[in-house]
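Q: Contents are PDB, C-alpha atoms; file name model-v3.pdb:
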```pdb
MODEL        1
ATOM      1  CA  MET A   1      83.091 111.480 134.443
ATOM      2  CA  SER A   2      79.366 111.819 133.761
ATOM      3  CA  GLN A   3      78.153 111.266 130.240
ATOM      4  CA  SER A   4      76.875 114.844 130.118
ATOM      5  CA  SER A   5      80.048 116.458 131.460
ATOM      6  CA  PHE A   6      80.926 117.986 128.136
ATOM      7  CA  SER A   7      79.718 118.180 124.569
ATOM      8  CA  LEU A   8      81.663 119.274 121.482
ATOM      9  CA  THR A   9      80.303 119.726 118.005
ATOM     10  CA  ARG A  10      82.674 118.704 115.246
ATOM     11  CA  ARG A  11      83.319 122.362 114.388
ATOM     12  CA  ARG A  12      84.108 123.218 118.034
ATOM     13  CA  LEU A  13      86.317 120.146 118.296
ATOM     14  CA  LEU A  14      88.400 121.268 115.316
ATOM     15  CA  GLN A  15      88.570 124.837 116.603
ATOM     16  CA  ALA A  16      89.674 123.647 120.015
ATOM     17  CA  GLY A  17      92.255 121.328 118.509
ATOM     18  CA  ALA A  18      93.692 124.036 116.295
ATOM     19  CA  ALA A  19      93.885 126.495 119.164
ATOM     20  CA  PHE A  20      95.440 123.943 121.485
ATOM     21  CA  GLY A  21      97.972 122.766 118.918
ATOM     22  CA  GLY A  22      98.967 126.347 118.160
ATOM     23  CA  ALA A  23      99.330 127.177 121.830
ATOM     24  CA  MET A  24     101.578 124.201 122.371
ATOM     25  CA  LEU A  25     103.979 125.223 119.609
ATOM     26  CA  LEU A  26     106.512 127.584 121.056
ATOM     27  CA  PRO A  27     107.396 130.774 119.137
ATOM     28  CA  GLY A  28     109.784 130.142 116.266
ATOM     29  CA  ILE A  29     109.467 126.365 116.151
ATOM     30  CA  MET A  30     108.362 126.419 112.513
ATOM     31  CA  SER A  31     110.884 129.041 111.418
ATOM     32  CA  ASN A  32     114.089 128.448 109.470
ATOM     33  CA  VAL A  33     115.427 124.914 109.215
ATOM     34  CA  TRP A  34     118.779 124.125 110.726
ATOM     35  CA  ALA A  35     121.793 125.441 108.897
ATOM     36  CA  ALA A  36     124.617 125.755 111.438
ATOM     37  CA  GLY A  37     125.711 127.496 114.603
ATOM     38  CA  SER A  38     122.977 128.387 117.089
ATOM     39  CA  ASP A  39     120.332 126.569 115.045
ATOM     40  CA  LYS A  40     122.051 123.197 115.438
ATOM     41  CA  PRO A  41     119.795 120.580 117.087
ATOM     42  CA  GLU A  42     120.603 120.029 120.745
ATOM     43  CA  LEU A  43     120.228 116.255 120.303
ATOM     44  CA  ASP A  44     121.803 114.047 117.658
ATOM     45  CA  THR A  45     119.341 111.188 118.165
ATOM     46  CA  VAL A  46     115.574 111.456 118.665
ATOM     47  CA  ARG A  47     113.627 108.425 119.862
ATOM     48  CA  VAL A  48     110.094 108.484 118.419
ATOM     49  CA  GLY A  49     107.483 105.921 119.458
ATOM     50  CA  PHE A  50     104.925 104.476 117.093
ATOM     51  CA  ILE A  51     102.087 101.954 117.119
ATOM     52  CA  PRO A  52     101.892  99.432 114.233
ATOM     53  CA  LEU A  53      99.400 101.342 112.095
ATOM     54  CA  THR A  54      99.499 102.657 108.539
ATOM     55  CA  ASP A  55      99.474 106.235 109.792
ATOM     56  CA  CYS A  56     102.856 105.873 111.503
ATOM     57  CA  ALA A  57     104.259 106.163 107.960
ATOM     58  CA  PRO A  58     105.689 109.716 108.149
ATOM     59  CA  VAL A  59     107.782 108.834 111.207
ATOM     60  CA  VAL A  60     109.120 105.621 109.679
ATOM     61  CA  MET A  61     109.820 107.102 106.246
ATOM     62  CA  ALA A  62     111.496 110.187 107.724
ATOM     63  CA  ALA A  63     114.059 107.831 109.250
ATOM     64  CA  LEU A  64     114.425 105.410 106.340
ATOM     65  CA  LYS A  65     114.538 107.966 103.502
ATOM     66  CA  GLY A  66     117.082 110.166 105.280
ATOM     67  CA  PHE A  67     114.898 113.241 105.762
ATOM     68  CA  ASP A  68     116.058 113.336 109.390
ATOM     69  CA  LYS A  69     119.721 113.647 108.416
ATOM     70  CA  LYS A  70     118.892 116.614 106.199
ATOM     71  CA  TYR A  71     117.897 118.473 109.353
ATOM     72  CA  GLY A  72     120.815 117.314 111.484
ATOM     73  CA  ILE A  73     119.215 114.549 113.555
ATOM     74  CA  ARG A  74     118.763 110.779 113.519
ATOM     75  CA  ILE A  75     115.220 109.564 114.159
ATOM     76  CA  VAL A  76     115.025 106.181 115.867
ATOM     77  CA  PRO A  77     111.503 104.735 115.470
ATOM     78  CA  SER A  78     110.477 102.733 118.558
ATOM     79  CA  LYS A  79     107.717 100.155 118.101
ATOM     80  CA  GLU A  80     105.322 100.217 121.070
ATOM     81  CA  ALA A  81     102.727  97.698 122.220
ATOM     82  CA  SER A  82      99.802  99.979 123.079
ATOM     83  CA  TRP A  83      98.680 103.578 123.366
ATOM     84  CA  ALA A  84      98.947 103.263 127.138
ATOM     85  CA  ALA A  85     102.632 102.385 126.695
ATOM     86  CA  VAL A  86     103.102 105.414 124.424
ATOM     87  CA  ARG A  87     101.475 107.648 127.042
ATOM     88  CA  ASP A  88     103.597 106.321 129.895
ATOM     89  CA  LYS A  89     106.878 106.504 127.970
ATOM     90  CA  LEU A  90     106.168 110.029 126.782
ATOM     91  CA  VAL A  91     105.436 111.206 130.314
ATOM     92  CA  SER A  92     108.498 109.484 131.778
ATOM     93  CA  GLY A  93     110.792 110.815 129.041
ATOM     94  CA  GLU A  94     111.720 107.371 127.754
ATOM     95  CA  LEU A  95     110.431 108.561 124.382
ATOM     96  CA  ASP A  96     111.315 111.999 123.049
ATOM     97  CA  ALA A  97     108.166 112.128 120.895
ATOM     98  CA  ALA A  98     105.581 109.784 119.436
ATOM     99  CA  HIS A  99     103.073 109.021 116.717
ATOM    100  CA  ALA A 100     100.008 109.473 118.926
ATOM    101  CA  LEU A 101      96.249 109.797 119.005
ATOM    102  CA  TYR A 102      95.512 113.504 119.206
ATOM    103  CA  GLY A 103      92.984 112.758 121.948
ATOM    104  CA  LEU A 104      95.756 111.092 123.959
ATOM    105  CA  ILE A 105      97.885 114.238 123.858
ATOM    106  CA  TYR A 106      94.935 116.519 124.678
ATOM    107  CA  GLY A 107      93.803 114.163 127.439
ATOM    108  CA  LEU A 108      97.226 114.371 129.088
ATOM    109  CA  GLU A 109      97.238 118.158 128.822
ATOM    110  CA  LEU A 110      93.754 118.409 130.326
ATOM    111  CA  GLY A 111      94.347 115.832 133.061
ATOM    112  CA  ILE A 112      91.577 113.495 131.879
ATOM    113  CA  ALA A 113      91.940 110.088 133.568
ATOM    114  CA  GLY A 114      95.262 111.055 135.120
ATOM    115  CA  LYS A 115      97.530 113.839 136.324
ATOM    116  CA  ALA A 116      97.723 116.777 133.948
ATOM    117  CA  GLN A 117     100.945 116.952 131.939
ATOM    118  CA  PRO A 118     101.986 119.969 129.811
ATOM    119  CA  MET A 119     102.166 118.555 126.288
ATOM    120  CA  ALA A 120     103.010 119.743 122.782
ATOM    121  CA  ASN A 121     101.410 118.873 119.449
ATOM    122  CA  LEU A 122     104.142 119.387 116.860
ATOM    123  CA  LEU A 123     102.326 118.232 113.750
ATOM    124  CA  THR A 124      99.178 116.535 112.493
ATOM    125  CA  LEU A 125     100.406 113.320 110.853
ATOM    126  CA  ASN A 126      97.334 112.353 108.838
ATOM    127  CA  GLN A 127      93.670 112.761 108.044
ATOM    128  CA  ASN A 128      91.078 109.987 107.633
ATOM    129  CA  GLY A 129      91.835 106.283 107.234
ATOM    130  CA  GLN A 130      90.197 104.598 110.246
ATOM    131  CA  ALA A 131      87.134 102.323 110.246
ATOM    132  CA  ILE A 132      84.566 100.391 112.254
ATOM    133  CA  SER A 133      84.488  96.650 111.571
ATOM    134  CA  LEU A 134      81.747  94.184 112.470
ATOM    135  CA  SER A 135      82.175  90.431 112.734
ATOM    136  CA  ALA A 136      81.586  87.905 109.975
ATOM    137  CA  ASP A 137      79.008  86.266 112.263
ATOM    138  CA  LEU A 138      76.915  89.441 112.097
ATOM    139  CA  LEU A 139      77.347  89.549 108.327
ATOM    140  CA  GLU A 140      76.020  85.981 108.055
ATOM    141  CA  LYS A 141      72.947  87.053 110.053
ATOM    142  CA  GLY A 142      72.357  89.972 107.681
ATOM    143  CA  ILE A 143      73.393  92.580 110.257
ATOM    144  CA  THR A 144      75.076  95.033 107.883
ATOM    145  CA  THR A 145      73.415  98.362 108.735
ATOM    146  CA  PRO A 146      73.180 100.461 111.912
ATOM    147  CA  ASP A 147      69.401  99.937 112.000
ATOM    148  CA  ALA A 148      69.788  96.158 111.847
ATOM    149  CA  LEU A 149      72.416  96.295 114.570
ATOM    150  CA  LYS A 150      70.116  98.392 116.754
ATOM    151  CA  THR A 151      67.322  95.837 116.387
ATOM    152  CA  LEU A 152      69.660  92.993 117.333
ATOM    153  CA  ILE A 153      71.011  94.778 120.403
ATOM    154  CA  ALA A 154      67.569  95.970 121.532
ATOM    155  CA  ALA A 155      66.400  92.340 121.610
ATOM    156  CA  SER A 156      69.210  91.346 123.990
ATOM    157  CA  GLU A 157      70.152  92.104 127.565
ATOM    158  CA  PRO A 158      72.268  95.278 127.958
ATOM    159  CA  GLY A 159      75.949  94.446 127.675
ATOM    160  CA  THR A 160      75.416  91.244 125.701
ATOM    161  CA  TYR A 161      77.457  92.544 122.781
ATOM    162  CA  THR A 162      81.023  93.841 123.152
ATOM    163  CA  PHE A 163      82.762  96.470 121.032
ATOM    164  CA  ALA A 164      86.393  97.548 121.209
ATOM    165  CA  HIS A 165      88.338 100.756 120.673
ATOM    166  CA  THR A 166      91.990 101.559 121.292
ATOM    167  CA  PHE A 167      92.215 104.198 124.058
ATOM    168  CA  PRO A 168      89.701 105.997 126.323
ATOM    169  CA  THR A 169      90.441 109.531 125.065
ATOM    170  CA  GLY A 170      91.326 108.478 121.514
ATOM    171  CA  THR A 171      89.624 109.118 118.221
ATOM    172  CA  HIS A 172      88.599 105.475 117.835
ATOM    173  CA  ALA A 173      86.499 105.737 120.985
ATOM    174  CA  MET A 174      84.908 108.914 119.607
ATOM    175  CA  TRP A 175      84.089 107.399 116.203
ATOM    176  CA  LEU A 176      82.659 104.250 117.781
ATOM    177  CA  TYR A 177      80.536 106.085 120.360
ATOM    178  CA  TYR A 178      79.256 108.557 117.774
ATOM    179  CA  TRP A 179      78.361 105.852 115.252
ATOM    180  CA  LEU A 180      76.548 103.720 117.829
ATOM    181  CA  ALA A 181      74.678 106.698 119.291
ATOM    182  CA  ALA A 182      73.629 107.887 115.821
ATOM    183  CA  ALA A 183      72.013 104.477 115.347
ATOM    184  CA  GLY A 184      70.122 104.828 118.618
ATOM    185  CA  ILE A 185      72.461 102.462 120.502
ATOM    186  CA  HIS A 186      73.657 103.886 123.820
ATOM    187  CA  PRO A 187      77.442 103.302 123.817
ATOM    188  CA  PHE A 188      77.642 103.050 127.605
ATOM    189  CA  ASN A 189      74.360 101.414 128.597
ATOM    190  CA  ASP A 190      73.331  99.140 125.727
ATOM    191  CA  VAL A 191      76.680  97.533 124.889
ATOM    192  CA  ARG A 192      79.951  96.724 126.581
ATOM    193  CA  THR A 193      83.096  98.518 125.397
ATOM    194  CA  VAL A 194      86.690  97.446 126.006
ATOM    195  CA  VAL A 195      90.157  98.756 125.137
ATOM    196  CA  VAL A 196      92.318  96.588 122.867
ATOM    197  CA  PRO A 197      95.696  97.566 121.291
ATOM    198  CA  PRO A 198      95.398  97.953 117.502
ATOM    199  CA  PRO A 199      97.514  94.929 116.451
ATOM    200  CA  GLN A 200      95.425  92.676 118.708
ATOM    201  CA  MET A 201      92.016  93.610 117.299
ATOM    202  CA  VAL A 202      91.830  90.911 114.623
ATOM    203  CA  MET A 203      92.924  88.123 116.955
ATOM    204  CA  ASN A 204      90.384  89.145 119.602
ATOM    205  CA  MET A 205      87.551  89.222 117.078
ATOM    206  CA  ARG A 206      88.687  85.847 115.741
ATOM    207  CA  ILE A 207      88.265  84.220 119.161
ATOM    208  CA  GLY A 208      84.922  85.916 119.778
ATOM    209  CA  ASN A 209      85.866  88.570 122.326
ATOM    210  CA  MET A 210      83.924  91.265 120.471
ATOM    211  CA  VAL A 211      81.453  91.702 117.613
ATOM    212  CA  GLY A 212      82.833  95.042 116.488
ATOM    213  CA  PHE A 213      85.807  97.341 116.783
ATOM    214  CA  CYS A 214      87.081 100.722 115.703
ATOM    215  CA  VAL A 215      90.753 100.918 114.748
ATOM    216  CA  GLY A 216      93.163 102.317 112.204
ATOM    217  CA  GLU A 217      94.406 100.511 109.138
ATOM    218  CA  PRO A 218      95.571  97.983 108.170
ATOM    219  CA  TRP A 219      93.627  96.009 110.786
ATOM    220  CA  ASN A 220      90.195  96.577 109.226
ATOM    221  CA  ALA A 221      91.516  95.356 105.881
ATOM    222  CA  ARG A 222      93.191  92.443 107.669
ATOM    223  CA  ALA A 223      89.844  91.431 109.223
ATOM    224  CA  ILE A 224      88.341  91.222 105.723
ATOM    225  CA  ASN A 225      91.272  89.269 104.279
ATOM    226  CA  ASP A 226      91.108  86.824 107.203
ATOM    227  CA  ARG A 227      87.336  86.458 106.645
ATOM    228  CA  ILE A 228      86.465  87.356 110.223
ATOM    229  CA  GLY A 229      84.871  90.760 109.665
ATOM    230  CA  PHE A 230      83.726  93.494 107.300
ATOM    231  CA  THR A 231      83.913  97.281 107.242
ATOM    232  CA  ALA A 232      80.645  98.774 108.455
ATOM    233  CA  THR A 233      81.804 102.370 107.961
ATOM    234  CA  THR A 234      84.974 104.391 107.614
ATOM    235  CA  SER A 235      85.870 107.298 109.846
ATOM    236  CA  GLN A 236      85.850 109.639 106.851
ATOM    237  CA  GLN A 237      82.249 108.655 106.198
ATOM    238  CA  ILE A 238      81.467 109.792 109.737
ATOM    239  CA  PHE A 239      83.612 112.937 109.599
ATOM    240  CA  PRO A 240      85.245 113.707 106.215
ATOM    241  CA  ASP A 241      88.854 114.928 106.408
ATOM    242  CA  HIS A 242      89.047 114.615 110.170
ATOM    243  CA  PRO A 243      92.402 115.034 111.944
ATOM    244  CA  GLU A 244      93.750 111.731 113.220
ATOM    245  CA  LYS A 245      97.270 111.107 114.586
ATOM    246  CA  VAL A 246      99.740 113.762 115.713
ATOM    247  CA  LEU A 247     103.439 114.011 116.439
ATOM    248  CA  GLY A 248     103.254 114.559 120.180
ATOM    249  CA  THR A 249     105.759 115.281 122.920
ATOM    250  CA  ARG A 250     106.108 116.998 126.287
ATOM    251  CA  ARG A 251     106.161 120.785 126.396
ATOM    252  CA  LEU A 252     109.257 120.664 128.603
ATOM    253  CA  TRP A 253     111.101 118.646 125.951
ATOM    254  CA  VAL A 254     110.354 121.350 123.360
ATOM    255  CA  GLU A 255     111.484 124.085 125.739
ATOM    256  CA  GLN A 256     114.732 122.252 126.423
ATOM    257  CA  HIS A 257     115.365 121.230 122.795
ATOM    258  CA  PRO A 258     113.726 123.850 120.533
ATOM    259  CA  ASN A 259     116.073 123.299 117.592
ATOM    260  CA  THR A 260     115.674 119.532 117.826
ATOM    261  CA  ALA A 261     111.890 119.911 117.937
ATOM    262  CA  ARG A 262     112.017 122.124 114.859
ATOM    263  CA  ALA A 263     114.264 119.655 113.009
ATOM    264  CA  LEU A 264     112.040 116.706 113.965
ATOM    265  CA  THR A 265     108.916 118.511 112.777
ATOM    266  CA  ALA A 266     110.544 119.505 109.472
ATOM    267  CA  ALA A 267     111.846 115.991 108.778
ATOM    268  CA  VAL A 268     108.532 114.265 109.467
ATOM    269  CA  LEU A 269     106.615 116.890 107.479
ATOM    270  CA  GLU A 270     108.919 116.379 104.503
ATOM    271  CA  ALA A 271     108.401 112.620 104.728
ATOM    272  CA  ALA A 272     104.634 113.140 104.741
ATOM    273  CA  ARG A 273     104.900 115.283 101.627
ATOM    274  CA  TRP A 274     107.043 112.630  99.926
ATOM    275  CA  ILE A 275     104.502 109.869 100.678
ATOM    276  CA  ASP A 276     101.624 111.847  99.183
ATOM    277  CA  ALA A 277     103.627 112.963  96.122
ATOM    278  CA  SER A 278     102.736 109.857  94.088
ATOM    279  CA  ASP A 279     101.035 106.475  94.147
ATOM    280  CA  ASP A 280     104.452 104.887  93.622
ATOM    281  CA  ASN A 281     105.670 106.508  96.829
ATOM    282  CA  ARG A 282     102.616 105.183  98.646
ATOM    283  CA  ARG A 283     103.288 101.691  97.306
ATOM    284  CA  GLU A 284     106.904 101.892  98.450
ATOM    285  CA  THR A 285     105.730 103.064 101.871
ATOM    286  CA  ALA A 286     103.348 100.097 102.127
ATOM    287  CA  GLN A 287     106.202  97.716 101.273
ATOM    288  CA  VAL A 288     108.334  99.210 104.040
ATOM    289  CA  LEU A 289     105.591  99.273 106.661
ATOM    290  CA  ALA A 290     104.709  95.618 106.054
ATOM    291  CA  LYS A 291     108.133  94.529 107.311
ATOM    292  CA  ARG A 292     108.591  92.813 110.659
ATOM    293  CA  ALA A 293     110.201  95.854 112.278
ATOM    294  CA  TYR A 294     107.090  97.928 111.693
ATOM    295  CA  LEU A 295     103.625  96.412 111.146
ATOM    296  CA  ASN A 296     104.722  92.808 110.555
ATOM    297  CA  THR A 297     101.890  92.039 108.172
ATOM    298  CA  LYS A 298     101.264  91.504 104.462
ATOM    299  CA  GLU A 299     101.675  94.348 102.000
ATOM    300  CA  GLN A 300      98.308  93.453 100.439
ATOM    301  CA  TYR A 301      96.589  94.587 103.642
ATOM    302  CA  LEU A 302      98.092  98.078 103.328
ATOM    303  CA  THR A 303      98.393  99.086  99.692
ATOM    304  CA  PRO A 304      94.764  99.208  98.442
ATOM    305  CA  ARG A 305      93.410 101.479 101.160
ATOM    306  CA  MET A 306      96.552 103.631 101.050
ATOM    307  CA  LEU A 307      95.645 104.213  97.388
ATOM    308  CA  GLY A 308      91.991 104.896  98.242
ATOM    309  CA  ASP A 309      90.740 101.563  96.875
ATOM    310  CA  TYR A 310      88.145 100.210  99.301
ATOM    311  CA  ASP A 311      86.343  96.873  99.499
ATOM    312  CA  ASN A 312      84.112  96.559 102.553
ATOM    313  CA  GLY A 313      84.098  92.761 102.531
ATOM    314  CA  ALA A 314      80.331  92.712 102.085
ATOM    315  CA  GLY A 315      80.019  93.298  98.365
ATOM    316  CA  ARG A 316      80.751  97.002  98.010
ATOM    317  CA  ARG A 317      83.834  98.506  96.360
ATOM    318  CA  TRP A 318      84.636 102.170  95.786
ATOM    319  CA  LYS A 319      87.338 104.742  95.184
ATOM    320  CA  ASP A 320      87.453 106.921  98.282
ATOM    321  CA  ASP A 321      88.119 110.607  97.652
ATOM    322  CA  HIS A 322      88.641 111.040 101.392
ATOM    323  CA  GLY A 323      91.176 108.295 101.968
ATOM    324  CA  MET A 324      94.160 108.613 104.271
ATOM    325  CA  ARG A 325      96.220 111.743 103.602
ATOM    326  CA  PHE A 326      99.576 112.589 105.124
ATOM    327  CA  PHE A 327     100.352 115.935 103.512
ATOM    328  CA  ALA A 328      97.987 116.911 100.702
ATOM    329  CA  ARG A 329      94.618 118.156 101.863
ATOM    330  CA  ALA A 330      91.931 115.520 101.224
ATOM    331  CA  LYS A 331      89.450 116.390  98.469
TER     332      LYS A 331
ENDMDL
END
```
Output the structure of this file as structure tokens.
A:
Amino acid sequence: MSQSSFSLTRRRLLQAGAAFGGAMLLPGIMSNVWAAGSDKPELDTVRVGFIPLTDCAPVVMAALKGFDKKYGIRIVPSKEASWAAVRDKLVSGELDAAHALYGLIYGLELGIAGKAQPMANLLTLNQNGQAISLSADLLEKGITTPDALKTLIAASEPGTYTFAHTFPTGTHAMWLYYWLAAAGIHPFNDVRTVVVPPPQMVMNMRIGNMVGFCVGEPWNARAINDRIGFTATTSQQIFPDHPEKVLGTRRLWVEQHPNTARALTAAVLEAARWIDASDDNRRETAQVLAKRAYLNTKEQYLTPRMLGDYDNGAGRRWKDDHGMRFFARAK
């Protein structure tokens, strides 16, 4: 695909996403919750994939807090290794639905980088909460701003410096490309970009495979705690209140299981509302997500940024009014 094949302003991107998501929801899917009789979910068990990221929280908490049972189903969260694995298992039907990059779902629908697949976006899972991290080596050299980074890269051969994102049609690729381009750094010609699964970002930066990456939390916070990187910018600083992950599935699955799709959407939405109801609920969610079955990391890497408390690892701390939101609209 040529670099000038398409161009979307942020407003057009949101309009397109809203129209697409609405089109993919079949009539009646958000109507009455299951009571009995003809509304009963067609499936008892729903297998939902997730990547170890903070924003998988509504899927995990829907299962663990029993919101799924309220709607007559049992959600089985399935931990996946990469977004490519999520894509493949969704298409093959091995997963019923998944916590997914919205660009992954749209890319499948549009046939970008593969055969077109009719998809469905059931629910936006969160807003905000991603970031771009740069290495501690750059911090030691005083490279803490886009202008300084541009000067460094301009003095080197094209492709000398490597940056990572998580999936070709994902939001992390978009944030990274936009941020680099806004600094006058061509994201395709001046630097090298690679795809790395989110949980592997910190390890790859540690061994020197890249000088920067864009990923969801808690891996940016983990880079700071491990003293291998710092947060150069957050995604909400680039695009406040942006949509991020979605609850995605195949359109055929919704057509075959409309009551199950409705129950799944209602359960995950209720979990999202519960998470955002209080800071205590967010703390409890962080404790759960830190466990081996989910993110397998330390709670201290999750809780602060879930509460909007940011430290960029380079001397700046702030309370972010546009932190990660699961249900309540960000301020």
Q: Give the answer as one residue: which of A:Gly129, A:Gly107, A:Pro41, A:Pro218 has the shortest atom-to-atom distance to Ile73 (chain A), using all atoms listed in the file?
A: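 Closest residue, counting all atoms listed in the file: A:Pro41.
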Q: Enclose all atoms of region 87-92 of chain A listed in the file in an axis-aligned box, grow every side by 8 Å, and hand back centre and edge lengths in Å to one decimal, as lines of an AutoDock Vina configuration file.
A:
```
center_x = 105.0
center_y = 108.8
center_z = 129.3
size_x = 23.0
size_y = 20.9
size_z = 21.0
```
Q: State, in Å with one decimal place, the distance from CA of Glu109 (chain A) to CA of Val46 (chain A).
A: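 Going from CA of Glu109 (chain A) over to CA of Val46 (chain A) covers 22.0 Å.
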Q: Applied to this file, what does the PyMOL selection byres ((chain A and resi 130) around 6) return in terms of residues, put as JSON, numbers by chain?
A: {"A": [129, 131, 215, 216, 217, 234, 235]}
Q: Between A:Leu264, A:Ala290, A:Ala154, A:Met210, which residue has the minimum interatomic distance to Asn189 (chain A), considering all atoms listed in the file?
A: A:Ala154
Q: What gap, in Å, lies between CA of Ala183 (chain A) and CA of Asp321 (chain A)?
A: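 Atom-to-atom, CA of Ala183 (chain A) to CA of Asp321 (chain A), that is 24.7 Å.
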Q: Name every residue that the PyMOL selection byres ((chain A and resi 240-247) around 10) selects in this structure, writing the answer as a PyMOL selection string with chains first and numbers rising.
A: chain A and resi 10+14+17+21+48-50+55-56+58-59+97-105+120-130+170-172+216+234-239+248-249+264-265+268-269+321-326+329-331
Q: I'd like the residues picked by the PyMOL selection byres ((chain A and resi 153) around 12) written out as a PDB file with C-alpha atoms, in the coordinates of the input, using the chain letters and numbers from the file.
A:
```
ATOM      1  CA  LEU A 138      76.915  89.441 112.097  1.00  0.00           C
ATOM      2  CA  ILE A 143      73.393  92.580 110.257  1.00  0.00           C
ATOM      3  CA  PRO A 146      73.180 100.461 111.912  1.00  0.00           C
ATOM      4  CA  ASP A 147      69.401  99.937 112.000  1.00  0.00           C
ATOM      5  CA  ALA A 148      69.788  96.158 111.847  1.00  0.00           C
ATOM      6  CA  LEU A 149      72.416  96.295 114.570  1.00  0.00           C
ATOM      7  CA  LYS A 150      70.116  98.392 116.754  1.00  0.00           C
ATOM      8  CA  THR A 151      67.322  95.837 116.387  1.00  0.00           C
ATOM      9  CA  LEU A 152      69.660  92.993 117.333  1.00  0.00           C
ATOM     10  CA  ALA A 154      67.569  95.970 121.532  1.00  0.00           C
ATOM     11  CA  ALA A 155      66.400  92.340 121.610  1.00  0.00           C
ATOM     12  CA  SER A 156      69.210  91.346 123.990  1.00  0.00           C
ATOM     13  CA  GLU A 157      70.152  92.104 127.565  1.00  0.00           C
ATOM     14  CA  PRO A 158      72.268  95.278 127.958  1.00  0.00           C
ATOM     15  CA  GLY A 159      75.949  94.446 127.675  1.00  0.00           C
ATOM     16  CA  THR A 160      75.416  91.244 125.701  1.00  0.00           C
ATOM     17  CA  TYR A 161      77.457  92.544 122.781  1.00  0.00           C
ATOM     18  CA  THR A 162      81.023  93.841 123.152  1.00  0.00           C
ATOM     19  CA  PHE A 163      82.762  96.470 121.032  1.00  0.00           C
ATOM     20  CA  LEU A 180      76.548 103.720 117.829  1.00  0.00           C
ATOM     21  CA  ALA A 183      72.013 104.477 115.347  1.00  0.00           C
ATOM     22  CA  GLY A 184      70.122 104.828 118.618  1.00  0.00           C
ATOM     23  CA  ILE A 185      72.461 102.462 120.502  1.00  0.00           C
ATOM     24  CA  HIS A 186      73.657 103.886 123.820  1.00  0.00           C
ATOM     25  CA  PRO A 187      77.442 103.302 123.817  1.00  0.00           C
ATOM     26  CA  ASN A 189      74.360 101.414 128.597  1.00  0.00           C
ATOM     27  CA  ASP A 190      73.331  99.140 125.727  1.00  0.00           C
ATOM     28  CA  VAL A 191      76.680  97.533 124.889  1.00  0.00           C
ATOM     29  CA  ARG A 192      79.951  96.724 126.581  1.00  0.00           C
ATOM     30  CA  VAL A 211      81.453  91.702 117.613  1.00  0.00           C
TER      31      VAL A 211
END
```
Q: If you measure from CA of Phe167 (chain A) to CA of Gly313 (chain A), what distance in Å do you get, rounded to one decimal?
A: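 Computed distance, CA of Phe167 (chain A) to CA of Gly313 (chain A), equals 25.7 Å.
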Q: Skip Ala164 (chain A) itself and residues of its chain fewer than 4 positions away, then list as a ChimeraX atom specification all residues within 8 Å of it, counting only C-alpha atoms.
A: /A:193-196,201,210,212-214
Q: Using only C-alpha atoms, which of A:Ala57, A:Ala62, A:Val254, A:Ala173 sits nearest Glu42 (chain A)?
A: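 Looking at the shortest contact to Glu42 (chain A), the residue is A:Val254.
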Q: Quick one: residues within 10 Å of Ala223 (chain A), all atoms listed in the file, excluding same-chain residues fewer than 2 positions away - as an mmCIF file with C-alpha atoms, in the coordinates of the input?
A:
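This is the output file part-v5.cif:
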```cif
data_model
loop_
_atom_site.group_PDB
_atom_site.id
_atom_site.type_symbol
_atom_site.label_atom_id
_atom_site.label_comp_id
_atom_site.auth_asym_id
_atom_site.auth_seq_id
_atom_site.Cartn_x
_atom_site.Cartn_y
_atom_site.Cartn_z
ATOM 1 C CA SER A 133 84.488 96.650 111.571
ATOM 2 C CA LEU A 134 81.747 94.184 112.470
ATOM 3 C CA SER A 135 82.175 90.431 112.734
ATOM 4 C CA ALA A 136 81.586 87.905 109.975
ATOM 5 C CA MET A 201 92.016 93.610 117.299
ATOM 6 C CA VAL A 202 91.830 90.911 114.623
ATOM 7 C CA MET A 203 92.924 88.123 116.955
ATOM 8 C CA MET A 205 87.551 89.222 117.078
ATOM 9 C CA ARG A 206 88.687 85.847 115.741
ATOM 10 C CA PRO A 218 95.571 97.983 108.170
ATOM 11 C CA TRP A 219 93.627 96.009 110.786
ATOM 12 C CA ASN A 220 90.195 96.577 109.226
ATOM 13 C CA ALA A 221 91.516 95.356 105.881
ATOM 14 C CA ASN A 225 91.272 89.269 104.279
ATOM 15 C CA ASP A 226 91.108 86.824 107.203
ATOM 16 C CA ARG A 227 87.336 86.458 106.645
ATOM 17 C CA ILE A 228 86.465 87.356 110.223
ATOM 18 C CA GLY A 229 84.871 90.760 109.665
ATOM 19 C CA PHE A 230 83.726 93.494 107.300
ATOM 20 C CA THR A 231 83.913 97.281 107.242
ATOM 21 C CA TYR A 301 96.589 94.587 103.642
ATOM 22 C CA GLY A 313 84.098 92.761 102.531
#
```
